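Peer 1: One structure follows; several queries about it will come next.
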Amino acid sequence: MINITLPDGSIKSFENAPTSLDVAKSISEGLAKNSIAVEVDGRLVDLSEKINHDCHLRLITTKDKEALEILRHSAAHVMAQAILHIYKDARLTIGPVVEGGFYYDIGMEPISKDDFP
């Protein structure tokens with residue numbers, strides 16, 4: 001049995017290793033839809049990661065202060081993968097989240113209008 005302690009002190013028990021999304025769904029579908037990440041024992045992890053041990057869990061939703069930074073970080077990675085898919089020779093260097101959004105420094109030939117069909 002895996003016991004998961006929530007921020008309010010309540011405990012959810014699972015026979016098999018759940019994902020954090022499973023835990024959110026066991027509380028409410030609305031919570032599951034609004035969850036974007038989770039802290040397991042203070043460590044930020046993806047909602048799809050299996051939980052194999054007793055832990056403290058805090059779901060992070062779109063209403064939490066750290067939500068925008070997490071979403072921007074994820075968007076930066078999605079953009080980087082898209083660039084690598086289109087521009088095979090591109091070299092990614094740094095891609096941080098900044099106050100107004102995010103960016104990636106990329107080593108490649110300049111993009112022109114001809115790159116867009």
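Identifiers in the structure tokens: chain A, B, ... in order shown; residue index from 1 per chain; ligand index from 1 in order shown.
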Give the strand (DSSP E or B) residues of chain A, as assigned by DSSP on the backbone, as an MDAnalysis selection string.
Peer 2: chainID A and resid 2:5 11:14 19 35:40 43:45 50 55:61 91:92 97:98 101:102 106:107
Peer 1: Leaving out A:Asn16 and any residue of its chain fewer than 6 positions from it, which residues lie within 10 Å of it when counting only C-alpha atoms, given as a VMD selection string?
Peer 2: chain A and resid 1 to 2 50 to 52
Peer 1: Would you give me, as a PyMOL selection string, the residues in stretch 2-117 of chain A that DSSP reads as helix (DSSP H, G or I)?
Peer 2: chain A and resi 20-27+29-34+67-86+113-115
Peer 1: For atom CA of A:Thr19 and atom CA of A:Pro96, determine how far apart the two atoms are, in Å to one decimal place.
Peer 2: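 One can read the atom CA of A:Thr19 to atom CA of A:Pro96 distance as 27.6 Å.
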Peer 1: With only C-alpha atoms as the basis for distance, which of A:Cys55, A:Leu31, A:Leu44, A:Ala90 is at the shortest distance from A:Ala17?
Peer 2: A:Cys55
Peer 1: Determine, counting only C-alpha atoms, which protein, DNA and RNA residues have an atom within 12 Å of an atom of stretch 10-12 of chain A; residues of the same chain fewer than 2 positions away are not included. Present the result as a PDB file with N, CA and C atoms, in the first residue's frame.
Peer 2:
ATOM      1  N   MET A   1       0.839  -1.182   0.000  1.00  0.00           N
ATOM      2  CA  MET A   1       0.000   0.000   0.000  1.00  0.00           C
ATOM      3  C   MET A   1       0.884   1.246   0.000  1.00  0.00           C
ATOM      4  N   ILE A   2       0.561   2.183  -0.857  1.00  0.00           N
ATOM      5  CA  ILE A   2       1.301   3.439  -0.940  1.00  0.00           C
ATOM      6  C   ILE A   2       0.423   4.537  -0.348  1.00  0.00           C
ATOM      7  N   ASN A   3       0.952   5.214   0.669  1.00  0.00           N
ATOM      8  CA  ASN A   3       0.220   6.282   1.349  1.00  0.00           C
ATOM      9  C   ASN A   3       0.788   7.632   0.932  1.00  0.00           C
ATOM     10  N   ILE A   4      -0.104   8.480   0.425  1.00  0.00           N
ATOM     11  CA  ILE A   4       0.299   9.796  -0.062  1.00  0.00           C
ATOM     12  C   ILE A   4      -0.357  10.857   0.812  1.00  0.00           C
ATOM     13  N   THR A   5       0.481  11.651   1.467  1.00  0.00           N
ATOM     14  CA  THR A   5      -0.006  12.702   2.352  1.00  0.00           C
ATOM     15  C   THR A   5      -0.136  13.999   1.566  1.00  0.00           C
ATOM     16  N   LEU A   6      -1.323  14.596   1.638  1.00  0.00           N
ATOM     17  CA  LEU A   6      -1.618  15.840   0.929  1.00  0.00           C
ATOM     18  C   LEU A   6      -1.351  17.035   1.843  1.00  0.00           C
ATOM     19  N   PRO A   7      -1.277  18.248   1.294  1.00  0.00           N
ATOM     20  CA  PRO A   7      -0.960  19.426   2.104  1.00  0.00           C
ATOM     21  C   PRO A   7      -1.896  19.661   3.294  1.00  0.00           C
ATOM     22  N   ASP A   8      -3.151  19.238   3.178  1.00  0.00           N
ATOM     23  CA  ASP A   8      -4.085  19.428   4.292  1.00  0.00           C
ATOM     24  C   ASP A   8      -3.958  18.351   5.365  1.00  0.00           C
ATOM     25  N   PHE A  14      -3.111   3.951  -2.051  1.00  0.00           N
ATOM     26  CA  PHE A  14      -3.223   3.284  -3.341  1.00  0.00           C
ATOM     27  C   PHE A  14      -2.565   1.917  -3.261  1.00  0.00           C
ATOM     28  N   GLU A  15      -3.242   0.919  -3.821  1.00  0.00           N
ATOM     29  CA  GLU A  15      -2.699  -0.435  -3.823  1.00  0.00           C
ATOM     30  C   GLU A  15      -1.526  -0.558  -4.795  1.00  0.00           C
ATOM     31  N   ALA A  17       1.186   1.531  -7.631  1.00  0.00           N
ATOM     32  CA  ALA A  17       1.859   2.827  -7.790  1.00  0.00           C
ATOM     33  C   ALA A  17       1.060   3.739  -8.721  1.00  0.00           C
ATOM     34  N   PRO A  18       0.500   4.832  -8.189  1.00  0.00           N
ATOM     35  CA  PRO A  18      -0.254   5.755  -9.037  1.00  0.00           C
ATOM     36  C   PRO A  18       0.670   6.812  -9.640  1.00  0.00           C
ATOM     37  N   SER A  20       0.911  10.990 -10.317  1.00  0.00           N
ATOM     38  CA  SER A  20       0.362  12.152  -9.615  1.00  0.00           C
ATOM     39  C   SER A  20      -0.973  12.557 -10.225  1.00  0.00           C
ATOM     40  N   ASP A  22      -3.170  10.461 -11.374  1.00  0.00           N
ATOM     41  CA  ASP A  22      -4.138   9.547 -10.758  1.00  0.00           C
ATOM     42  C   ASP A  22      -4.575  10.066  -9.391  1.00  0.00           C
ATOM     43  N   VAL A  23      -3.613  10.580  -8.632  1.00  0.00           N
ATOM     44  CA  VAL A  23      -3.926  11.124  -7.310  1.00  0.00           C
ATOM     45  C   VAL A  23      -4.865  12.315  -7.465  1.00  0.00           C
ATOM     46  N   ALA A  24      -4.559  13.214  -8.400  1.00  0.00           N
ATOM     47  CA  ALA A  24      -5.412  14.380  -8.636  1.00  0.00           C
ATOM     48  C   ALA A  24      -6.824  13.955  -9.025  1.00  0.00           C
ATOM     49  N   LYS A  25      -6.938  12.970  -9.924  1.00  0.00           N
ATOM     50  CA  LYS A  25      -8.257  12.486 -10.352  1.00  0.00           C
ATOM     51  C   LYS A  25      -9.035  11.881  -9.196  1.00  0.00           C
ATOM     52  N   SER A  26      -8.326  11.252  -8.252  1.00  0.00           N
ATOM     53  CA  SER A  26      -9.009  10.646  -7.104  1.00  0.00           C
ATOM     54  C   SER A  26      -9.603  11.709  -6.186  1.00  0.00           C
ATOM     55  N   ILE A  27      -9.102  12.933  -6.305  1.00  0.00           N
ATOM     56  CA  ILE A  27      -9.637  14.046  -5.517  1.00  0.00           C
ATOM     57  C   ILE A  27     -10.775  14.706  -6.286  1.00  0.00           C
ATOM     58  N   ASP A  54       5.713   5.861  -0.053  1.00  0.00           N
ATOM     59  CA  ASP A  54       4.959   6.818   0.745  1.00  0.00           C
ATOM     60  C   ASP A  54       5.618   8.185   0.592  1.00  0.00           C
ATOM     61  N   CYS A  55       4.800   9.232   0.486  1.00  0.00           N
ATOM     62  CA  CYS A  55       5.380  10.558   0.269  1.00  0.00           C
ATOM     63  C   CYS A  55       4.400  11.658   0.651  1.00  0.00           C
ATOM     64  N   HIS A  56       4.921  12.877   0.622  1.00  0.00           N
ATOM     65  CA  HIS A  56       4.104  14.079   0.725  1.00  0.00           C
ATOM     66  C   HIS A  56       3.983  14.625  -0.692  1.00  0.00           C
ATOM     67  N   LEU A  57       2.784  14.993  -1.079  1.00  0.00           N
ATOM     68  CA  LEU A  57       2.529  15.415  -2.451  1.00  0.00           C
ATOM     69  C   LEU A  57       1.778  16.737  -2.457  1.00  0.00           C
ATOM     70  N   ARG A  58       2.219  17.650  -3.310  1.00  0.00           N
ATOM     71  CA  ARG A  58       1.515  18.918  -3.513  1.00  0.00           C
ATOM     72  C   ARG A  58       1.320  19.117  -5.004  1.00  0.00           C
TER      73      ARG A  58
END
Peer 1: Nearest residue to A:Thr93 out of A:Ser28, A:Ser48, A:Gln81, A:Ile106, using only C-alpha atoms?
Peer 2: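 The shortest atom-to-atom distance to A:Thr93 comes from A:Ile106.
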Peer 1: Between atom CA of A:His85 and atom CA of A:Pro110, what is the distance in Å, rounded to a tenth?
Peer 2: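 About the pair atom CA of A:His85 and atom CA of A:Pro110: they are 16.1 Å apart.
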Peer 1: Looking at A:Ala32, A:Leu68, A:Ala37, A:Ile83, which one is nearest to A:Val97, with distances taken over only C-alpha atoms?
Peer 2: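 Of the candidates, the smallest distance to A:Val97 is held by A:Leu68.
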Peer 1: With distances taken over only C-alpha atoms, which of A:Asp89, A:Arg43, A:Ile94, A:Ile36 is nearest to A:Leu71?
Peer 2: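 Residue with the minimum atom-to-atom distance to A:Leu71: A:Ile36.
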Peer 1: Could you tell me how far atom CA of A:Ile60 lies from atom CA of A:Asp41, in Å and to one decimal?
Peer 2: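 We find that atom CA of A:Ile60 and atom CA of A:Asp41 lie 13.2 Å from each other.
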